[in-house]
Each structure stands twice: as C-alpha cells, then as structure tokens.
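Source file: input21.cif (mmCIF, C-alpha atoms)
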```cif
data_structure
#
loop_
_atom_site.group_PDB
_atom_site.id
_atom_site.type_symbol
_atom_site.label_atom_id
_atom_site.label_comp_id
_atom_site.auth_asym_id
_atom_site.auth_seq_id
_atom_site.Cartn_x
_atom_site.Cartn_y
_atom_site.Cartn_z
ATOM 1 C CA MET A 1 6.703 -18.599 -8.602
ATOM 2 C CA ALA A 2 10.059 -17.250 -9.632
ATOM 3 C CA ASN A 3 11.978 -20.074 -7.976
ATOM 4 C CA GLU A 4 9.530 -22.837 -8.913
ATOM 5 C CA GLN A 5 12.365 -25.198 -9.853
ATOM 6 C CA GLU A 6 13.664 -25.148 -6.291
ATOM 7 C CA ASP A 7 12.563 -28.074 -4.124
ATOM 8 C CA ALA A 8 12.209 -25.900 -1.042
ATOM 9 C CA VAL A 9 10.363 -22.597 -1.432
ATOM 10 C CA TRP A 10 9.591 -19.955 1.185
ATOM 11 C CA LEU A 11 5.950 -18.956 1.316
ATOM 12 C CA HIS A 12 6.577 -15.292 1.927
ATOM 13 C CA ALA A 13 4.623 -12.163 1.085
ATOM 14 C CA ARG A 14 6.978 -10.975 -1.638
ATOM 15 C CA SER A 15 6.659 -14.069 -3.807
ATOM 16 C CA ARG A 16 3.603 -14.362 -6.055
ATOM 17 C CA ILE A 17 1.656 -17.414 -7.196
ATOM 18 C CA THR A 18 -1.029 -17.827 -9.850
ATOM 19 C CA ILE A 19 -4.586 -18.941 -9.108
ATOM 20 C CA VAL A 20 -3.726 -22.303 -10.737
ATOM 21 C CA GLU A 21 -0.828 -22.764 -8.278
ATOM 22 C CA LEU A 22 -2.948 -21.699 -5.305
ATOM 23 C CA ALA A 23 -5.577 -24.270 -6.348
ATOM 24 C CA GLN A 24 -2.881 -26.935 -6.665
ATOM 25 C CA PHE A 25 -1.238 -26.101 -3.312
ATOM 26 C CA SER A 26 -4.448 -25.677 -1.326
ATOM 27 C CA GLY A 27 -6.669 -28.369 -2.797
ATOM 28 C CA LEU A 28 -9.503 -25.893 -3.489
ATOM 29 C CA ARG A 29 -10.876 -25.751 -7.044
ATOM 30 C CA GLU A 30 -10.138 -22.641 -9.053
ATOM 31 C CA GLU A 31 -13.815 -21.642 -9.219
ATOM 32 C CA VAL A 32 -14.062 -21.892 -5.415
ATOM 33 C CA LEU A 33 -11.026 -19.593 -5.118
ATOM 34 C CA ARG A 34 -12.627 -17.115 -7.540
ATOM 35 C CA GLU A 35 -15.803 -17.172 -5.427
ATOM 36 C CA LEU A 36 -13.709 -16.466 -2.314
ATOM 37 C CA VAL A 37 -12.245 -13.454 -4.104
ATOM 38 C CA GLU A 38 -15.787 -12.282 -4.894
ATOM 39 C CA TYR A 39 -16.766 -12.727 -1.228
ATOM 40 C CA GLY A 40 -13.804 -10.547 -0.279
ATOM 41 C CA ALA A 41 -12.285 -13.342 1.843
ATOM 42 C CA LEU A 42 -9.301 -13.739 -0.464
ATOM 43 C CA SER A 43 -7.551 -10.702 -1.897
ATOM 44 C CA PRO A 44 -5.391 -10.925 -5.017
ATOM 45 C CA ALA A 45 -1.968 -9.273 -4.720
ATOM 46 C CA ASP A 46 -2.943 -6.772 -7.425
ATOM 47 C CA PRO A 47 -6.729 -6.278 -7.636
ATOM 48 C CA GLN A 48 -6.381 -4.510 -11.034
ATOM 49 C CA ALA A 49 -4.604 -7.418 -12.750
ATOM 50 C CA PRO A 50 -6.789 -9.294 -15.264
ATOM 51 C CA GLU A 51 -5.735 -12.715 -13.925
ATOM 52 C CA PRO A 52 -5.514 -12.939 -10.115
ATOM 53 C CA HIS A 53 -2.143 -13.545 -8.453
ATOM 54 C CA PHE A 54 -1.690 -14.103 -4.736
ATOM 55 C CA ASN A 55 1.038 -13.600 -2.181
ATOM 56 C CA ALA A 56 2.579 -16.984 -1.426
ATOM 57 C CA ASP A 57 2.163 -16.479 2.331
ATOM 58 C CA ARG A 58 -1.601 -17.009 1.782
ATOM 59 C CA VAL A 59 -1.104 -20.719 1.071
ATOM 60 C CA PRO A 60 -1.136 -22.083 4.679
ATOM 61 C CA SER A 61 -4.439 -20.437 5.707
ATOM 62 C CA VAL A 62 -6.139 -21.332 2.394
ATOM 63 C CA ARG A 63 -4.947 -24.944 2.833
ATOM 64 C CA ALA A 64 -6.265 -25.059 6.411
ATOM 65 C CA ALA A 65 -9.610 -23.589 5.283
ATOM 66 C CA ALA A 66 -9.713 -26.119 2.415
ATOM 67 C CA ARG A 67 -9.354 -29.030 4.846
ATOM 68 C CA LEU A 68 -12.276 -27.773 6.959
ATOM 69 C CA TYR A 69 -14.318 -27.100 3.794
ATOM 70 C CA ASN A 70 -13.852 -30.689 2.644
ATOM 71 C CA ASP A 71 -14.082 -32.440 6.047
ATOM 72 C CA LEU A 72 -17.065 -30.488 7.368
ATOM 73 C CA GLU A 73 -18.731 -29.953 3.954
ATOM 74 C CA LEU A 74 -18.970 -26.218 4.584
ATOM 75 C CA GLU A 75 -21.098 -23.874 2.507
ATOM 76 C CA MET A 76 -19.359 -21.028 0.692
ATOM 77 C CA PRO A 77 -20.226 -18.278 3.255
ATOM 78 C CA ALA A 78 -18.883 -20.504 6.073
ATOM 79 C CA LEU A 79 -15.671 -21.148 4.115
ATOM 80 C CA ALA A 80 -15.231 -17.395 3.588
ATOM 81 C CA LEU A 81 -15.765 -16.813 7.314
ATOM 82 C CA VAL A 82 -13.316 -19.580 8.306
ATOM 83 C CA LEU A 83 -10.669 -18.157 5.991
ATOM 84 C CA SER A 84 -11.095 -14.637 7.342
ATOM 85 C CA PHE A 85 -10.780 -15.965 10.928
ATOM 86 C CA LEU A 86 -7.654 -17.978 10.064
ATOM 87 C CA ASP A 87 -6.120 -14.873 8.482
ATOM 88 C CA ARG A 88 -6.981 -12.827 11.548
ATOM 89 C CA ILE A 89 -5.328 -15.434 13.823
ATOM 90 C CA GLU A 90 -2.229 -15.442 11.600
ATOM 91 C CA GLU A 91 -2.084 -11.642 11.694
ATOM 92 C CA LEU A 92 -2.459 -11.537 15.492
ATOM 93 C CA GLU A 93 0.181 -14.236 15.991
ATOM 94 C CA THR A 94 2.605 -12.247 13.822
ATOM 95 C CA ARG A 95 1.857 -9.096 15.812
ATOM 96 C CA LEU A 96 2.302 -11.006 19.086
ATOM 97 C CA ARG A 97 5.708 -12.293 17.931
ATOM 98 C CA GLU A 98 6.758 -8.737 17.032
ATOM 99 C CA LEU A 99 5.648 -7.346 20.387
ATOM 100 C CA LYS A 100 7.302 -10.185 22.308
ATOM 101 C CA ALA A 101 10.569 -9.453 20.501
ATOM 102 C CA GLN A 102 10.377 -5.812 21.582
ATOM 103 C CA LEU A 103 9.665 -6.707 25.192
ATOM 104 C CA ALA A 104 12.854 -6.127 27.171
ATOM 105 C CA LEU A 105 14.000 -8.965 29.365
ATOM 106 C CA PRO A 106 14.472 -8.002 33.021
ATOM 107 C CA SER A 107 17.930 -6.471 33.226
ATOM 108 C CA ARG A 108 20.635 -8.620 34.711
ATOM 109 C CA VAL B 1 -4.589 -45.373 3.225
ATOM 110 C CA ARG B 2 -1.712 -46.223 5.546
ATOM 111 C CA HIS B 3 0.212 -43.478 7.273
ATOM 112 C CA VAL B 4 3.890 -44.216 7.623
ATOM 113 C CA PRO B 5 6.060 -41.668 9.407
ATOM 114 C CA LYS B 6 9.388 -40.988 7.789
ATOM 115 C CA THR B 7 12.317 -38.710 8.438
ATOM 116 C CA ILE B 8 13.690 -36.584 5.637
ATOM 117 C CA LYS B 9 16.610 -34.254 5.332
ATOM 118 C CA ALA B 10 15.620 -30.785 4.081
ATOM 119 C CA ARG B 11 17.891 -28.027 2.896
ATOM 120 C CA ILE B 12 16.631 -24.771 4.385
ATOM 121 C CA PRO B 13 17.174 -21.937 1.880
ATOM 122 C CA LYS B 14 18.388 -18.520 2.970
ATOM 123 C CA GLY B 15 15.728 -16.318 4.517
ATOM 124 C CA ALA B 16 14.365 -18.366 7.423
ATOM 125 C CA THR B 17 12.689 -16.696 10.356
ATOM 126 C CA ASP B 18 10.283 -17.498 13.161
ATOM 127 C CA GLY B 19 6.763 -18.431 12.060
ATOM 128 C CA GLN B 20 7.688 -18.681 8.388
ATOM 129 C CA ARG B 21 6.417 -21.497 6.172
ATOM 130 C CA LEU B 22 8.496 -23.599 3.797
ATOM 131 C CA ARG B 23 7.013 -25.737 1.034
ATOM 132 C CA LEU B 24 8.944 -28.875 0.081
ATOM 133 C CA ARG B 25 7.925 -30.162 -3.320
ATOM 134 C CA GLY B 26 6.950 -33.812 -3.585
ATOM 135 C CA GLN B 27 7.906 -34.627 0.019
ATOM 136 C CA GLY B 28 4.318 -35.156 1.193
ATOM 137 C CA GLY B 29 2.088 -38.213 0.694
ATOM 138 C CA LYS B 30 2.492 -40.439 -2.375
ATOM 139 C CA GLY B 31 0.207 -39.544 -5.257
ATOM 140 C CA VAL B 32 -2.607 -41.986 -6.067
ATOM 141 C CA ASN B 33 -3.969 -43.010 -9.515
ATOM 142 C CA GLY B 34 -1.058 -41.364 -11.257
ATOM 143 C CA GLY B 35 -1.405 -38.115 -9.348
ATOM 144 C CA ARG B 36 1.708 -36.179 -8.341
ATOM 145 C CA ASP B 37 3.156 -36.634 -4.867
ATOM 146 C CA GLY B 38 1.925 -34.153 -2.297
ATOM 147 C CA ASP B 39 4.039 -31.382 -0.847
ATOM 148 C CA LEU B 40 5.326 -31.082 2.678
ATOM 149 C CA TYR B 41 4.802 -27.802 4.512
ATOM 150 C CA LEU B 42 7.161 -26.895 7.340
ATOM 151 C CA ASN B 43 6.382 -24.355 10.057
ATOM 152 C CA ILE B 44 9.637 -22.729 11.088
ATOM 153 C CA ALA B 45 10.199 -22.070 14.793
ATOM 154 C CA LEU B 46 13.532 -20.508 15.687
ATOM 155 C CA HIS B 47 15.263 -21.734 18.799
ATOM 156 C CA PRO B 48 15.406 -18.772 21.221
ATOM 157 C CA HIS B 49 18.748 -16.955 21.217
ATOM 158 C CA PRO B 50 20.066 -15.558 24.519
ATOM 159 C CA LEU B 51 20.637 -12.080 22.991
ATOM 160 C CA PHE B 52 18.687 -11.625 19.742
ATOM 161 C CA ARG B 53 14.899 -11.832 19.446
ATOM 162 C CA PRO B 54 13.447 -12.030 15.914
ATOM 163 C CA ALA B 55 10.438 -10.046 14.680
ATOM 164 C CA GLY B 56 10.057 -10.950 11.035
ATOM 165 C CA HIS B 57 13.557 -10.430 9.703
ATOM 166 C CA ASP B 58 14.374 -7.687 12.212
ATOM 167 C CA LEU B 59 16.206 -8.510 15.409
ATOM 168 C CA TYR B 60 15.858 -6.929 18.846
ATOM 169 C CA LEU B 61 18.670 -6.743 21.376
ATOM 170 C CA ASP B 62 18.589 -5.342 24.923
ATOM 171 C CA LEU B 63 21.318 -2.757 25.373
ATOM 172 C CA PRO B 64 22.038 -2.064 29.053
ATOM 173 C CA LEU B 65 23.741 1.279 29.736
ATOM 174 C CA ALA B 66 25.130 2.746 32.951
ATOM 175 C CA PRO B 67 23.304 5.963 33.997
ATOM 176 C CA TRP B 68 26.387 8.086 33.155
ATOM 177 C CA GLU B 69 26.729 6.471 29.704
ATOM 178 C CA ALA B 70 23.090 7.327 28.953
ATOM 179 C CA ALA B 71 23.423 10.858 30.384
ATOM 180 C CA LEU B 72 26.775 11.846 28.913
ATOM 181 C CA GLY B 73 26.777 9.790 25.737
ATOM 182 C CA ALA B 74 29.285 7.036 24.985
ATOM 183 C CA THR B 75 30.546 4.668 22.350
ATOM 184 C CA VAL B 76 29.755 1.065 23.262
ATOM 185 C CA GLU B 77 30.482 -2.258 21.633
ATOM 186 C CA VAL B 78 27.339 -4.073 20.485
ATOM 187 C CA PRO B 79 27.214 -7.694 19.290
ATOM 188 C CA THR B 80 25.666 -8.375 15.855
ATOM 189 C CA LEU B 81 25.349 -11.533 13.760
ATOM 190 C CA ASP B 82 28.492 -10.586 11.866
ATOM 191 C CA GLY B 83 30.642 -9.507 14.774
ATOM 192 C CA ALA B 84 30.753 -6.657 17.264
ATOM 193 C CA VAL B 85 30.283 -3.059 16.076
ATOM 194 C CA ASN B 86 30.787 0.251 17.863
ATOM 195 C CA LEU B 87 27.565 2.116 18.498
ATOM 196 C CA LYS B 88 27.488 5.792 19.382
ATOM 197 C CA ILE B 89 25.088 6.630 22.203
ATOM 198 C CA PRO B 90 23.945 10.270 22.023
ATOM 199 C CA PRO B 91 23.985 12.273 25.289
ATOM 200 C CA GLY B 92 20.654 12.269 27.133
ATOM 201 C CA THR B 93 19.550 8.855 25.818
ATOM 202 C CA ALA B 94 16.365 7.663 27.539
ATOM 203 C CA ALA B 95 15.532 4.100 28.572
ATOM 204 C CA GLY B 96 13.314 2.355 26.022
ATOM 205 C CA ARG B 97 14.857 4.227 23.103
ATOM 206 C CA LYS B 98 15.417 2.083 19.996
ATOM 207 C CA LEU B 99 18.744 2.494 18.206
ATOM 208 C CA ARG B 100 18.628 1.064 14.690
ATOM 209 C CA LEU B 101 21.545 -0.740 13.114
ATOM 210 C CA ALA B 102 20.510 -0.993 9.459
ATOM 211 C CA LYS B 103 20.907 -4.340 7.658
ATOM 212 C CA LYS B 104 22.205 -6.173 10.731
ATOM 213 C CA GLY B 105 19.100 -8.367 10.967
ATOM 214 C CA LEU B 106 18.298 -11.705 9.320
ATOM 215 C CA PRO B 107 18.696 -12.215 5.554
ATOM 216 C CA LYS B 108 15.389 -12.042 3.657
ATOM 217 C CA PRO B 109 14.318 -14.680 1.102
ATOM 218 C CA GLY B 110 14.029 -12.191 -1.746
ATOM 219 C CA GLY B 111 17.406 -10.581 -0.953
ATOM 220 C CA GLY B 112 18.336 -7.858 1.516
ATOM 221 C CA GLU B 113 18.435 -8.020 5.292
ATOM 222 C CA GLY B 114 16.299 -6.912 8.203
ATOM 223 C CA ASP B 115 17.542 -4.379 10.755
ATOM 224 C CA LEU B 116 18.871 -4.809 14.266
ATOM 225 C CA TYR B 117 17.292 -2.689 16.995
ATOM 226 C CA ALA B 118 19.200 -2.084 20.221
ATOM 227 C CA MET B 119 16.696 -1.296 22.983
ATOM 228 C CA VAL B 120 18.206 0.949 25.620
ATOM 229 C CA GLN B 121 17.953 -0.108 29.254
ATOM 230 C CA ILE B 122 19.453 1.995 32.016
ATOM 231 C CA VAL B 123 20.992 -0.149 34.696
ATOM 232 C CA ASN B 124 22.455 1.120 37.933
ATOM 233 C CA PRO B 125 25.023 -0.763 39.997
ATOM 234 C CA THR B 126 23.331 -2.781 42.746
ATOM 235 C CA VAL B 127 26.370 -2.710 45.025
ATOM 236 C CA LEU B 128 28.116 0.656 45.412
ATOM 237 C CA GLY B 129 31.707 1.203 46.451
ATOM 238 C CA GLU B 130 32.456 3.931 48.973
ATOM 239 C CA ARG B 131 33.531 6.470 46.344
ATOM 240 C CA GLU B 132 30.589 5.642 44.061
ATOM 241 C CA GLN B 133 28.192 6.176 46.938
ATOM 242 C CA GLU B 134 29.833 9.522 47.655
ATOM 243 C CA LEU B 135 29.497 10.625 44.028
ATOM 244 C CA PHE B 136 25.846 9.540 43.808
ATOM 245 C CA LYS B 137 25.157 11.498 47.026
ATOM 246 C CA GLN B 138 26.782 14.561 45.520
ATOM 247 C CA LEU B 139 24.683 14.118 42.381
ATOM 248 C CA ALA B 140 21.513 13.793 44.474
ATOM 249 C CA GLU B 141 22.365 17.011 46.283
ATOM 250 C CA HIS B 142 23.106 19.006 43.183
ATOM 251 C CA SER B 143 20.605 17.661 40.657
ATOM 252 C CA ARG B 144 17.201 19.308 40.194
ATOM 253 C CA PHE B 145 15.977 16.429 38.063
ATOM 254 C CA ASN B 146 12.570 15.103 39.119
ATOM 255 C CA PRO B 147 11.737 11.847 37.323
ATOM 256 C CA ARG B 148 8.170 11.937 38.742
ATOM 257 C CA GLY B 149 7.241 15.454 37.737
ATOM 258 C CA HIS B 150 4.282 14.177 35.722
ATOM 259 C CA PHE B 151 2.690 12.625 38.848
ATOM 260 C CA THR B 152 1.834 16.008 40.338
ATOM 261 C CA ARG B 153 0.807 17.436 36.947
ATOM 262 C CA GLU B 154 -1.616 14.518 36.418
ATOM 263 C CA LYS B 155 -3.069 14.955 39.931
ATOM 264 C CA THR B 156 -4.055 18.592 39.372
ATOM 265 C CA HIS B 157 -5.734 17.589 36.103
ATOM 266 C CA GLY B 158 -7.805 14.882 37.810
ATOM 267 C CA GLN B 159 -9.253 17.187 40.471
#
```
Would you mind writing the file's structure down as structure tokens?
Amino acid sequence: MANEQEDAVWLHARSRITIVELAQFSGLREEVLRELVEYGALSPADPQAPEPHFNADRVPSVRAAARLYNDLELEMPALALVLSFLDRIEELETRLRELKAQLALPSR
Amino acid sequence: VRHVPKTIKARIPKGATDGQRLRLRGQGGKGVNGGRDGDLYLNIALHPHPLFRPAGHDLYLDLPLAPWEAALGATVEVPTLDGAVNLKIPPGTAAGRKLRLAKKGLPKPGGGEGDLYAMVQIVNPTVLGEREQELFKQLAEHSRFNPRGHFTREKTHGQ
C-alpha cells in the first residue's frame, strides 16, 4: 500500500494491496487466496498482471470469510460461495445507502 | 486467551464516509509467540446530518423551490460544506431534477472530492394570503397545463 507507514489506512477501492498483504490482513494462506482467484470468487485488480494485486476494500469480506473458513472448517467451494455472498451483501448495502441518500425527505 | 476491552484514541485520516473501513495497525490483539500485534478494523458510520446525506463521497441535499421559482427560473442560495453558494435554477425546472455542484462533496482518501447534488422539490404555500389566492385562481383560469395528461393516454392504451 502506498501509505503503508501510516498507522490508520482507509480500505478503499483505489488503494492496492499485494497477495502477501491480503494474506496477512485476512488470515488466509496465500495458496488459499490463489485458489479463490482460480474459483473466480476473488478477482485481482488487474487480471493481466503477473503477480495478483487486490483493491484494499476487499479486505473486510475476505477477513469475514476467513473466520468462517477456520471456525466451521469449510471446504474450498463453500469458502468461495461464502465470499461471493459476503461481496453481494456488501454491494447491496452500498447500493441501499446510495438510494437512501437520494430519497427526498418529506418537504417541510 | 483473556479478552480485555480497552479504549483507544484513533486519528481518522481525511476521506471518511459512511460504511467505509479503516485499518489501524497494531491496535488489535497482542501477538503471541513473538507474532506481531493484530490490527483493529473500524467500520465508519456517519452521524446523520439534518441537510446532507452521503452516498459514497457524494452528498445529496433536498432543494425546496416555490412553484414560481421552478417555473420562471431563479437564483437561490444553497448551503454547502464550505459555505453558501448561489445556484442558478433554469426556467421550467421539474421536481426530482438533480442539480450537480461539482467538488462540493466529501474529500476522498486518494485526493479529490465528491459532488453535491441538490434534488429539486416543488413546495407550495400551505396557507395562502388573500392576494396569493387571487393570483393562483387567475393562474388556474388561464393555464392549459394538465399535470395528469398521461392518465388518459395510458387508459386508451390499456383498452
């Protein structure tokens, strides 16, 4: 991450992290992350790049999936499914926030 | 493992918005067997503002207009995060129209700002003075405007 030296870092879509950092932040091993990429459940920021990088806003859902993977001893397909569901929830919550913001309050 | 709650003071860098996540290095659980301390992840929830509603780094603001302001056009003062600005309302502005004020939204983490959208509402006075009532009556008599024209058009289609 560009501002790695900072103690507080925003996990936003425009900042990139390496697969090593994603493994460190999420608690999933690098090879598990690579398998998730193969399953299509985790997309690198630039699919053409030789070494995968990820948008930093992926960290929370990968962390949440990692906890379930470890606690429930999930198989790889189940982990991929959990991650895709968590991403979908995240996406819908973002959309809901956007729509709520556009909803006019009753005029006074 | 013992869990001990603690309170920490965190500096929030520029770029916060609703639903965003912040990672605080080394503020999580203590590392074991020489491992590094864990990180603390914060979920940001913005306290609702009476005027501005965030969507990402854009902001939405309701902009009530009087019917004559919307019909004739006007210049109205609109609040923004860095003070009031004058906004030009084009004649014939419809309710629900979004007027964009570029770069008047929230600052983004990577630099730059979101936009502010003023959402037009058309508000009529609930209590009319004698003269106002007279003028509205005159308008009703002279106007050929039918706001429900599409009702009859839709009906003929359905049959």
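Relative to CA of Phe25 in chain A, CA of Leu46 in chain B is found at 24.7 Å.
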Enter the distance from CA of Val82 in chain A to CA of Leu68 in chain A, in Å, rounded to one decimal. 8.4 Å
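Counting from CA of Gln48 in chain A, the distance to CA of Arg34 in chain A is 14.5 Å.
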Restricting the calculation to all atoms listed in the file: of B:Gly29, B:Gly56, B:Gly83, B:Gly112, which residue gets closest to chain A? B:Gly56
Selection result for the PyMOL selection byres ((chain A) within 7 of (chain B)) on this file, as a VMD selection string: chain A and resid 7 to 11 97 to 98 101 to 102 104
Between B:Asn33, B:Glu141, B:Glu69, B:Pro5, which one has atoms that come closest to Ala95 in chain B, using all atoms listed in the file?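 For Ala95 in chain B, the nearest of the given residues is B:Glu69.
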Around (7.7, -12.7, -4.2) in the file's frame, which residues reach within 6 Å when counting all atoms listed in the file? Return as a list in words? Arg14, Ser15 and Arg16 of chain A
Show me, as a PyMOL selection string, the residues that have an atom within 9 Å of Leu79 in chain A when counting only C-alpha atoms, minus same-chain residues fewer than 3 positions from it. chain A and resi 36+41+65-66+68-69+74-76+82-84
As a check of understanding, name the residues that the PyMOL selection byres ((chain B and resi 82) around 12) selects in the supplied structure, as a PDB file with C-alpha atoms, keeping the file's coordinate frame.
```
ATOM      1  CA  VAL B  78      27.339  -4.073  20.485  1.00  0.00           C
ATOM      2  CA  PRO B  79      27.214  -7.694  19.290  1.00  0.00           C
ATOM      3  CA  THR B  80      25.666  -8.375  15.855  1.00  0.00           C
ATOM      4  CA  LEU B  81      25.349 -11.533  13.760  1.00  0.00           C
ATOM      5  CA  GLY B  83      30.642  -9.507  14.774  1.00  0.00           C
ATOM      6  CA  ALA B  84      30.753  -6.657  17.264  1.00  0.00           C
ATOM      7  CA  VAL B  85      30.283  -3.059  16.076  1.00  0.00           C
ATOM      8  CA  LYS B 103      20.907  -4.340   7.658  1.00  0.00           C
ATOM      9  CA  LYS B 104      22.205  -6.173  10.731  1.00  0.00           C
ATOM     10  CA  GLY B 105      19.100  -8.367  10.967  1.00  0.00           C
ATOM     11  CA  LEU B 106      18.298 -11.705   9.320  1.00  0.00           C
ATOM     12  CA  PRO B 107      18.696 -12.215   5.554  1.00  0.00           C
ATOM     13  CA  LEU B 116      18.871  -4.809  14.266  1.00  0.00           C
TER      14      LEU B 116
END
```
For Asp57 in chain A, the nearest of the candidates A:Gln24, A:Leu99, A:Ala78, A:Ala45, counting all atoms listed in the file: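 Residue with the minimum atom-to-atom distance to Asp57 in chain A: A:Ala45.
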Distance criterion (all atoms listed in the file): nearest to Leu105 in chain A out of B:Pro147, B:Pro50, B:Gly73, B:Gly34: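 The closest residue to Leu105 in chain A is B:Pro50.
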